[in-house]
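File shown here: protein-v2.pdb, holding PDB, C-alpha atoms.
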```pdb
ATOM      1  CA  VAL W 411       7.689   6.652 -12.513  1.00  0.00           C
ATOM      2  CA  GLN W 412       5.403   8.753 -10.343  1.00  0.00           C
ATOM      3  CA  LEU W 413       2.974   7.715  -7.628  1.00  0.00           C
ATOM      4  CA  GLN W 414       0.246   9.961  -6.248  1.00  0.00           C
ATOM      5  CA  ALA W 415      -1.512   8.828  -3.089  1.00  0.00           C
ATOM      6  CA  SER W 416      -4.751  10.285  -1.766  1.00  0.00           C
ATOM      7  CA  GLY W 417      -7.727   9.534   0.444  1.00  0.00           C
ATOM      8  CA  GLY W 418      -6.332  10.008   3.913  1.00  0.00           C
ATOM      9  CA  GLY W 419      -8.204  11.839   6.614  1.00  0.00           C
ATOM     10  CA  LEU W 420      -9.793  11.538  10.013  1.00  0.00           C
ATOM     11  CA  ALA W 421     -11.838   8.478  10.951  1.00  0.00           C
ATOM     12  CA  GLN W 422     -13.397   7.240  14.146  1.00  0.00           C
ATOM     13  CA  GLY W 423     -12.381   3.936  15.648  1.00  0.00           C
ATOM     14  CA  GLY W 424     -14.312   1.164  13.929  1.00  0.00           C
ATOM     15  CA  GLY W 425     -14.758   3.259  10.825  1.00  0.00           C
ATOM     16  CA  SER W 426     -13.476   2.903   7.281  1.00  0.00           C
ATOM     17  CA  LEU W 427     -11.352   4.767   4.777  1.00  0.00           C
ATOM     18  CA  ARG W 428     -10.168   4.035   1.266  1.00  0.00           C
ATOM     19  CA  LEU W 429      -6.812   5.188  -0.011  1.00  0.00           C
ATOM     20  CA  SER W 430      -5.927   5.459  -3.677  1.00  0.00           C
ATOM     21  CA  CYS W 431      -2.608   5.577  -5.489  1.00  0.00           C
ATOM     22  CA  VAL W 432      -2.337   6.496  -9.150  1.00  0.00           C
ATOM     23  CA  VAL W 433       0.786   5.427 -11.019  1.00  0.00           C
ATOM     24  CA  SER W 434       2.183   7.035 -14.137  1.00  0.00           C
ATOM     25  CA  GLY W 435       5.275   6.450 -16.212  1.00  0.00           C
ATOM     26  CA  ARG W 436       5.201   2.665 -16.536  1.00  0.00           C
ATOM     27  CA  THR W 437       3.045  -0.300 -17.558  1.00  0.00           C
ATOM     28  CA  PHE W 438       1.033  -0.493 -14.353  1.00  0.00           C
ATOM     29  CA  ARG W 439      -0.311  -4.031 -14.612  1.00  0.00           C
ATOM     30  CA  ALA W 440       3.170  -5.581 -14.866  1.00  0.00           C
ATOM     31  CA  TRP W 441       4.328  -4.580 -11.375  1.00  0.00           C
ATOM     32  CA  PRO W 442       3.475  -5.337  -7.758  1.00  0.00           C
ATOM     33  CA  MET W 443       2.053  -2.463  -5.707  1.00  0.00           C
ATOM     34  CA  ALA W 444       2.517  -2.130  -1.963  1.00  0.00           C
ATOM     35  CA  TRP W 445       1.345  -0.020   0.939  1.00  0.00           C
ATOM     36  CA  PHE W 446       3.531   0.907   3.891  1.00  0.00           C
ATOM     37  CA  ARG W 447       2.869   3.167   6.838  1.00  0.00           C
ATOM     38  CA  GLN W 448       4.868   5.179   9.318  1.00  0.00           C
ATOM     39  CA  ALA W 449       3.507   6.280  12.656  1.00  0.00           C
ATOM     40  CA  PRO W 450       5.066   9.201  14.570  1.00  0.00           C
ATOM     41  CA  GLY W 451       8.352   8.154  16.134  1.00  0.00           C
ATOM     42  CA  LYS W 452       8.289   4.719  14.527  1.00  0.00           C
ATOM     43  CA  GLU W 453       9.914   3.064  11.556  1.00  0.00           C
ATOM     44  CA  ARG W 454       8.110   2.535   8.305  1.00  0.00           C
ATOM     45  CA  GLU W 455       6.272  -0.780   8.301  1.00  0.00           C
ATOM     46  CA  PHE W 456       4.763  -3.045   5.699  1.00  0.00           C
ATOM     47  CA  VAL W 457       0.977  -3.054   5.364  1.00  0.00           C
ATOM     48  CA  GLY W 458       0.304  -5.170   2.297  1.00  0.00           C
ATOM     49  CA  VAL W 459       1.117  -5.818  -1.335  1.00  0.00           C
ATOM     50  CA  ILE W 460      -0.739  -6.934  -4.428  1.00  0.00           C
ATOM     51  CA  ARG W 461       1.027  -8.783  -7.156  1.00  0.00           C
ATOM     52  CA  TRP W 462       0.978  -7.855 -10.773  1.00  0.00           C
ATOM     53  CA  SER W 463      -1.718  -8.895 -13.204  1.00  0.00           C
ATOM     54  CA  ALA W 464      -2.767 -12.057 -11.312  1.00  0.00           C
ATOM     55  CA  GLY W 465      -3.582  -9.990  -8.228  1.00  0.00           C
ATOM     56  CA  GLY W 466      -2.496 -12.186  -5.295  1.00  0.00           C
ATOM     57  CA  THR W 467      -2.101 -10.355  -1.995  1.00  0.00           C
ATOM     58  CA  LEU W 468       0.004 -10.474   1.150  1.00  0.00           C
ATOM     59  CA  TYR W 469      -0.751  -8.588   4.387  1.00  0.00           C
ATOM     60  CA  ALA W 470       0.894  -7.755   7.656  1.00  0.00           C
ATOM     61  CA  ASP W 471      -0.630  -9.639  10.582  1.00  0.00           C
ATOM     62  CA  SER W 472      -1.676  -6.346  12.194  1.00  0.00           C
ATOM     63  CA  VAL W 473      -4.095  -5.548   9.352  1.00  0.00           C
ATOM     64  CA  LYS W 474      -5.068  -8.995   8.105  1.00  0.00           C
ATOM     65  CA  GLY W 475      -8.848  -9.362   7.915  1.00  0.00           C
ATOM     66  CA  ARG W 476      -9.398  -5.594   8.198  1.00  0.00           C
ATOM     67  CA  PHE W 477      -7.546  -4.131   5.224  1.00  0.00           C
ATOM     68  CA  ALA W 478      -7.772  -5.172   1.594  1.00  0.00           C
ATOM     69  CA  ILE W 479      -5.721  -4.129  -1.421  1.00  0.00           C
ATOM     70  CA  SER W 480      -7.166  -4.095  -4.897  1.00  0.00           C
ATOM     71  CA  ARG W 481      -6.079  -2.702  -8.219  1.00  0.00           C
ATOM     72  CA  ASP W 482      -7.719  -1.291 -11.320  1.00  0.00           C
ATOM     73  CA  ASN W 483      -5.256  -1.840 -14.121  1.00  0.00           C
ATOM     74  CA  ALA W 484      -7.343   0.169 -16.574  1.00  0.00           C
ATOM     75  CA  ARG W 485      -7.032   3.219 -14.319  1.00  0.00           C
ATOM     76  CA  ASN W 486      -3.433   2.598 -13.211  1.00  0.00           C
ATOM     77  CA  THR W 487      -4.708   2.752  -9.640  1.00  0.00           C
ATOM     78  CA  VAL W 488      -4.228   0.665  -6.513  1.00  0.00           C
ATOM     79  CA  PHE W 489      -6.574   0.929  -3.532  1.00  0.00           C
ATOM     80  CA  LEU W 490      -6.232   0.233   0.166  1.00  0.00           C
ATOM     81  CA  ASN W 491      -9.612  -0.403   1.753  1.00  0.00           C
ATOM     82  CA  MET W 492      -9.335  -0.024   5.509  1.00  0.00           C
ATOM     83  CA  ASN W 493     -12.127  -1.271   7.763  1.00  0.00           C
ATOM     84  CA  SER W 494     -12.514  -1.648  11.525  1.00  0.00           C
ATOM     85  CA  LEU W 495      -9.942   1.080  11.998  1.00  0.00           C
ATOM     86  CA  LYS W 496      -8.099   1.359  15.300  1.00  0.00           C
ATOM     87  CA  PRO W 497      -6.225   4.306  16.828  1.00  0.00           C
ATOM     88  CA  GLU W 498      -2.983   2.348  16.288  1.00  0.00           C
ATOM     89  CA  ASP W 499      -3.612   2.531  12.535  1.00  0.00           C
ATOM     90  CA  THR W 500      -2.835   6.251  12.724  1.00  0.00           C
ATOM     91  CA  ALA W 501       0.110   6.892  10.399  1.00  0.00           C
ATOM     92  CA  VAL W 502       1.229   8.338   7.119  1.00  0.00           C
ATOM     93  CA  TYR W 503       0.473   5.764   4.435  1.00  0.00           C
ATOM     94  CA  TYR W 504       2.721   5.353   1.416  1.00  0.00           C
ATOM     95  CA  CYS W 505       2.241   3.443  -1.807  1.00  0.00           C
ATOM     96  CA  ALA W 506       5.301   1.951  -3.442  1.00  0.00           C
ATOM     97  CA  THR W 507       6.404  -0.105  -6.406  1.00  0.00           C
ATOM     98  CA  PRO W 508       9.720  -1.772  -7.231  1.00  0.00           C
ATOM     99  CA  ALA W 509      12.042  -1.482 -10.208  1.00  0.00           C
ATOM    100  CA  GLN W 510      12.306  -5.261 -10.662  1.00  0.00           C
ATOM    101  CA  ILE W 511      10.041  -8.268 -10.375  1.00  0.00           C
ATOM    102  CA  PRO W 512      10.933 -10.336  -7.296  1.00  0.00           C
ATOM    103  CA  SER W 513      11.879 -13.986  -7.436  1.00  0.00           C
ATOM    104  CA  THR W 514      10.118 -14.709  -4.139  1.00  0.00           C
ATOM    105  CA  TRP W 515       7.112 -13.295  -2.288  1.00  0.00           C
ATOM    106  CA  ASP W 516       8.887 -12.499   0.985  1.00  0.00           C
ATOM    107  CA  VAL W 517      11.038  -9.668  -0.338  1.00  0.00           C
ATOM    108  CA  LEU W 518       7.881  -7.704  -1.124  1.00  0.00           C
ATOM    109  CA  ALA W 519       7.429  -7.035   2.604  1.00  0.00           C
ATOM    110  CA  SER W 520      10.720  -5.134   2.823  1.00  0.00           C
ATOM    111  CA  SER W 521      10.746  -1.402   2.142  1.00  0.00           C
ATOM    112  CA  ALA W 522      14.312  -1.776   0.828  1.00  0.00           C
ATOM    113  CA  PHE W 523      12.983  -3.605  -2.221  1.00  0.00           C
ATOM    114  CA  TYR W 524      10.981  -0.610  -3.441  1.00  0.00           C
ATOM    115  CA  ASN W 525      12.379   2.115  -5.633  1.00  0.00           C
ATOM    116  CA  TYR W 526       9.402   4.364  -6.230  1.00  0.00           C
ATOM    117  CA  TRP W 527       7.256   5.942  -3.521  1.00  0.00           C
ATOM    118  CA  GLY W 528       4.237   8.151  -3.317  1.00  0.00           C
ATOM    119  CA  GLN W 529       4.268  11.282  -1.194  1.00  0.00           C
ATOM    120  CA  GLY W 530       2.221   9.781   1.632  1.00  0.00           C
ATOM    121  CA  THR W 531      -1.258  10.474   2.901  1.00  0.00           C
ATOM    122  CA  LEU W 532      -2.095  10.937   6.587  1.00  0.00           C
ATOM    123  CA  VAL W 533      -4.657   8.718   8.282  1.00  0.00           C
ATOM    124  CA  THR W 534      -5.763   9.662  11.779  1.00  0.00           C
ATOM    125  CA  VAL W 535      -8.041   7.374  13.772  1.00  0.00           C
ATOM    126  CA  SER W 536      -9.693   8.687  16.906  1.00  0.00           C
ATOM    127  CA  SER W 537     -10.716   6.493  19.801  1.00  0.00           C
TER     128      SER W 537
END
```

Will you turn the file into structure tokens for me?
Amino acid sequence: VQLQASGGGLAQGGGSLRLSCVVSGRTFRAWPMAWFRQAPGKEREFVGVIRWSAGGTLYADSVKGRFAISRDNARNTVFLNMNSLKPEDTAVYYCATPAQIPSTWDVLASSAFYNYWGQGTLVTVSS
């Protein structure tokens, strides 16, 4: 399974960016897809996740109402739409997917649950 993230760059505070992650090597629509981020000097943190074919989502409180995850199963791609960006959103963003379907929602917020990761894409937000 391979994940390729793209779309990072420089944005001004209040601006928008859209990240993409293309997945190969598995039946894309059958698996949840998540985004995490890691700021300099900080641990990797959960951003949000979208479930498999039904498409329900879960977000971290820090991005709720500003970020939205969507998926295009025909293109094996998951998107992270980021609006109202803040300087504290500056980080390397990673897409991830697990090797098993979870029995509960809450485990999807833990990076330990994920087996496959993209290479990361840097988002920098200026004030």

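The coordinates place CA of Ser430 (chain W) at 9.3 Å from CA of Arg481 (chain W).
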
* Out of W:Ala478, W:Val488, W:Ala470, W:Ala421, which residue has the shortest atom-to-atom distance to Val457 (chain W) when counting only C-alpha atoms? ->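 Going through W:Ala478, W:Val488, W:Ala470, W:Ala421 one by one, the smallest distance to Val457 (chain W) is for W:Ala470.
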
* **Residues returned when the PyMOL selection byres ((chain W and resi 429) around 9) runs on this file, as a ChimeraX atom specification** => /W:415-418,427-428,430-431,488-492,503,531

* Pick out the closest residue to Tyr469 (chain W) from this set: W:Trp515, W:Ser537, W:Gly528, W:Asn486. Count all atoms listed in the file. =>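 Looking only at the distances to Tyr469 (chain W), the closest residue turns out to be W:Trp515.
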
* Looking at only C-alpha atoms, which of W:Ile479, W:Ala506, W:Val517, W:Leu532 is the one that sits closest to Leu413 (chain W)? ->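 Closest residue, counting only C-alpha atoms: W:Ala506.
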
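Computed from the coordinates, the CA of Pro497 (chain W) to CA of Met443 (chain W) distance equals 24.9 Å.
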
* **Residue with smallest distance to Ser520 (chain W) - pool W:Pro508, W:Gly451, W:Gly466, W:Gly423, counting only C-alpha atoms** =>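 Of W:Pro508, W:Gly451, W:Gly466, W:Gly423, the one nearest Ser520 (chain W), counting only C-alpha atoms, is W:Pro508.
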
* To do: Report the residues retrieved by the PyMOL selection byres ((chain W and resi 512) around 12) from the displayed file, expressed as a count of residues only.
  => 21

* Rounded to one decimal place, report the CA of Val433 (chain W)-CA of Ile460 (chain W) distance in Å. =>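 So the answer is 14.1 Å.
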
Going by the chain IDs and residue numbers used in this file, which residues fall under the PyMOL selection byres ((chain W and resi 445-448) around 8)? Write them as a CSV table (one decimal) with C-alpha atoms, in the frame of the given file.
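Contents of the output file selection_31.csv:
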```csv
chain,number,residue,atom,x,y,z
W,443,MET,CA,2.1,-2.5,-5.7
W,444,ALA,CA,2.5,-2.1,-2.0
W,449,ALA,CA,3.5,6.3,12.7
W,450,PRO,CA,5.1,9.2,14.6
W,452,LYS,CA,8.3,4.7,14.5
W,453,GLU,CA,9.9,3.1,11.6
W,454,ARG,CA,8.1,2.5,8.3
W,455,GLU,CA,6.3,-0.8,8.3
W,456,PHE,CA,4.8,-3.0,5.7
W,457,VAL,CA,1.0,-3.1,5.4
W,458,GLY,CA,0.3,-5.2,2.3
W,459,VAL,CA,1.1,-5.8,-1.3
W,490,LEU,CA,-6.2,0.2,0.2
W,501,ALA,CA,0.1,6.9,10.4
W,502,VAL,CA,1.2,8.3,7.1
W,503,TYR,CA,0.5,5.8,4.4
W,504,TYR,CA,2.7,5.4,1.4
W,505,CYS,CA,2.2,3.4,-1.8
W,506,ALA,CA,5.3,2.0,-3.4
W,521,SER,CA,10.7,-1.4,2.1
```

* Show which residues sit within 10 Å of Ser494 (chain W), as a ChimeraX atom specification. Count all atoms listed in the file, and ignore same-chain residues fewer than 4 positions away. => /W:422-427,473,475-477,499

* Asked: Restricting the calculation to all atoms listed in the file, which member of W:Val432, W:Val535, W:Leu420, W:Val411 is positioned closest to Ala484 (chain W)?
  ->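 Answer, going by the shortest atom-to-atom distance: W:Val432.
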
Could you put an axis-aligned box around every listed atom of region 502-516 of chain W, padded by 4 Å on each side, and send me its centre and edge lengths in Å to one decimal, as JSON?
```
{"center_x": 6.4, "center_y": -3.2, "center_z": -1.8, "size_x": 19.8, "size_y": 31.0, "size_z": 25.8}
```
